[in-house]
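J.: Okay, here's the structure, questions in a sec.
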Amino acid sequence: MSQNVGVVGLYVHDQDEALGFYVGKLGFAVHTDVKNGDYRWLTITCPEQPDFQLGLFAPQPPTIDEASAQALRELVAKGAMPPLVLVVDDCQAAFERFRAAGVEFTQEPVARYGSVDASFRDPSGNGWKLIQQR
Amino acid sequence: MLRRLLRARDRMDAASHEEWPVERLASVSGVSEAHFARAFKQAFGAPPHRYLLTRRIERASTLLRDTDLAIIDVAFDTGWNSLGTFGRTFRDITGESPSELRARSRAEGHALTQVPHCFVRAAQRPDLKTAVSEKRRRAAGHREDRDATEGTEGS
């Protein structure tokens with residue numbers, strides 16, 4: 001018997017913008033990009049983690065009503081969504097690579113608790129922690 | 001708009017010890033000064049100066065708990081210009097003084113994680129209420145008294 005997490009979704013303000021960020025700047029790869037009318041199922045993967053898909057979803061009708069979609073877009077923009085962690089073998093190197101690509105860092109690398117961590121946001125406002133593997 | 005306000009909040013988070021007048025925050029977020037404070041409060045539930053205060057107190061509490069920095073250094077490191085203002089504000093907000101928080105969090109920390117070690121270490125800690133030389137002199141005098149007493153008892 002096996003049990004794995006296959007997809008976890010993020011709400012993003014604009015899927016094209018998110019694609020440019022996660023694929024163009026962070027080095028993710030597109031897994032699935034399918035449109036059905038206005039709805040777009042868009043998932044990406046880390047090259048080293050092909051079985052786990054990160055969904056980049058727009059809060060929008062018809063999956064949710066417009067008022068809820070608006071509230072979600074605001075929550076994302078206010079940085080109120082749950083934490084996300086990207087694990088790397090070298091936080092400083094990743095920080096420099098990402099920053100050169102134009103990623104918005106909210107905290108530069110700090111060595112503490114036996115590791116090194118930094119923080120950045122995606123264009124929508126989702127906050128990521130960039131943590132060095134121990 | 002909200003995303004740009006978040007950018008201003010992120011900048012305060014990253015450097016809460018710095019001064020963040022509204023004009024600086026407004027320029028970070030590209031919003032007019034007149035609009036900024038109201039928009040910020042609407043988005044995050046507190047005006048920017050109060051938000052900054054909560055971050056400073058949070059950071060000061062962490063430094064009090066996790067470091068041995070003198071309280072005056074904690075005050076200056078977290079953005080206050082005066083120890084008195086820091087102490088008053090801290091007490092007003094948290095209900096206890098910086099030194100009380102430090103003492104309490106250490107006691108609780110030990111209680112949670114290492115009670116036995118704490119007691120063992122406390123029992124072994126040298127008692128240095130007086131100068132080492134004075135303590136040494138007294139101990140020597142005490143030993144002489146005891147020797148004399150024992151001598152008496154033995155006879």
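Identifiers for the structure tokens are assigned positionally: chains receive A, B, ... in sequence, residues are indexed from 1 per chain, and ligands are indexed from 1 in the order shown.
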Counting only C-alpha atoms, which residues from chain A have an atom at most 9 Å from any atom of chain B, and could you show them as number ranges by chain?

T.: A: 74-79, 106-108, 123-125

J.: Looking only at the backbone, which of the residues in stretch 6-65 of chain A does DSSP tag as strand (DSSP E), as a ChimeraX atom specification?

T.: /A:7-11,29-36,39-46,49-57

J.: Enter the distance from atom CA of B:Phe36 to atom CA of B:Ser16, in Å, rounded to one decimal.

T.: 18.1 Å

J.: Which polymer residues have any atom within 10 Å of an atom of stretch 27-32 of chain A, counting only C-alpha atoms, with same-chain residues fewer than 6 positions away left out, as an mmCIF file with C-alpha atoms, in the first residue's frame?

T.:
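New file result34.cif:
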data_model
loop_
_atom_site.group_PDB
_atom_site.id
_atom_site.type_symbol
_atom_site.label_atom_id
_atom_site.label_comp_id
_atom_site.auth_asym_id
_atom_site.auth_seq_id
_atom_site.Cartn_x
_atom_site.Cartn_y
_atom_site.Cartn_z
ATOM 1 C CA LEU A 19 4.350 30.697 -14.462
ATOM 2 C CA GLY A 20 6.994 33.269 -15.404
ATOM 3 C CA PHE A 21 8.060 33.465 -11.786
ATOM 4 C CA ARG A 40 -6.867 26.665 -16.353
ATOM 5 C CA TRP A 41 -5.346 23.698 -14.556
ATOM 6 C CA LEU A 42 -1.696 24.652 -14.170
ATOM 7 C CA THR A 43 0.799 22.624 -12.178
ATOM 8 C CA ILE A 44 4.575 22.721 -11.928
ATOM 9 C CA THR A 45 7.227 20.439 -10.450
ATOM 10 C CA CYS A 46 10.716 20.713 -9.051
ATOM 11 C CA PRO A 47 13.129 18.886 -11.382
ATOM 12 C CA GLU A 48 14.315 16.690 -8.498
ATOM 13 C CA GLN A 49 10.799 15.954 -7.251
ATOM 14 C CA PRO A 50 8.812 14.906 -10.322
ATOM 15 C CA ASP A 51 6.031 13.178 -8.356
ATOM 16 C CA PHE A 52 4.974 16.272 -6.452
ATOM 17 C CA GLN A 53 3.003 18.928 -8.318
ATOM 18 C CA LEU A 54 2.541 22.466 -7.118
ATOM 19 C CA GLY A 55 -0.675 23.876 -8.514
ATOM 20 C CA PHE A 98 17.178 34.007 -7.335
#

J.: Please run DSSP on the backbone and report, as a PyMOL selection string, all residues within chain A that come out as helix (DSSP H, G or I).

T.: chain A and resi 15-25+66-77+91-100

J.: In terms of the shortest atom-to-atom distance over only C-alpha atoms, which of B:Leu53, B:Ala103, B:Leu63, B:Ile93 is closest to B:Trp80?

T.: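 For B:Trp80, the nearest of the given residues is B:Leu53.
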
J.: So, counting only C-alpha atoms, which residue among A:Leu56, A:Asp122, A:Gln92, A:Pro109 is closest to A:Val8?

T.: A:Leu56

J.: Report, in Å with one decimal, the straight-line distance from atom CA of A:Asp117 to atom CA of A:Pro82.

T.: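 One can read the atom CA of A:Asp117 to atom CA of A:Pro82 distance as 17.3 Å.
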
J.: Mind pulling up the distance from atom CA of B:Pro48 to atom CA of B:Pro21?

T.: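 For atom CA of B:Pro21 relative to atom CA of B:Pro48, the distance reads 8.8 Å.
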
J.: Rank A:Asp89, A:Asp38, A:Asp33, A:Asp16 by their smallest atom-to-atom distance to A:Ile131, using only C-alpha atoms, and report the top residue only.

T.: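 Ranking A:Asp89, A:Asp38, A:Asp33, A:Asp16 by distance to A:Ile131, first place goes to A:Asp89.
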
J.: Find the residues near B:Ser97: any atom within 12 Å, counting only C-alpha atoms, skip ones fewer than 4 places away on the same chain, and give them as a PDB file with C-alpha atoms, in the first residue's frame.

T.:
ATOM      1  CA  ILE B  57       8.148  44.361  21.058  1.00  0.00           C
ATOM      2  CA  ALA B  60      12.733  42.636  21.933  1.00  0.00           C
ATOM      3  CA  SER B  61      10.971  39.721  23.661  1.00  0.00           C
ATOM      4  CA  LEU B  64      15.358  38.985  26.030  1.00  0.00           C
ATOM      5  CA  ILE B  71      18.358  45.376  28.416  1.00  0.00           C
ATOM      6  CA  LEU B  83      15.724  52.914  27.878  1.00  0.00           C
ATOM      7  CA  GLY B  84      12.948  54.608  29.863  1.00  0.00           C
ATOM      8  CA  THR B  85      10.598  54.773  26.901  1.00  0.00           C
ATOM      9  CA  PHE B  86      11.371  51.182  25.999  1.00  0.00           C
ATOM     10  CA  GLY B  87      10.691  49.960  29.534  1.00  0.00           C
ATOM     11  CA  ARG B  88       7.436  51.878  29.863  1.00  0.00           C
ATOM     12  CA  THR B  89       6.177  50.879  26.445  1.00  0.00           C
ATOM     13  CA  PHE B  90       7.179  47.278  26.955  1.00  0.00           C
ATOM     14  CA  ARG B  91       5.342  47.114  30.274  1.00  0.00           C
ATOM     15  CA  ASP B  92       2.306  48.872  28.857  1.00  0.00           C
ATOM     16  CA  ILE B  93       2.096  46.336  26.054  1.00  0.00           C
ATOM     17  CA  LEU B 101       9.882  38.736  30.992  1.00  0.00           C
ATOM     18  CA  ARG B 102      13.477  37.571  30.797  1.00  0.00           C
ATOM     19  CA  ALA B 103      13.329  36.013  34.257  1.00  0.00           C
ATOM     20  CA  ARG B 104       9.951  34.387  33.649  1.00  0.00           C
TER      21      ARG B 104
END
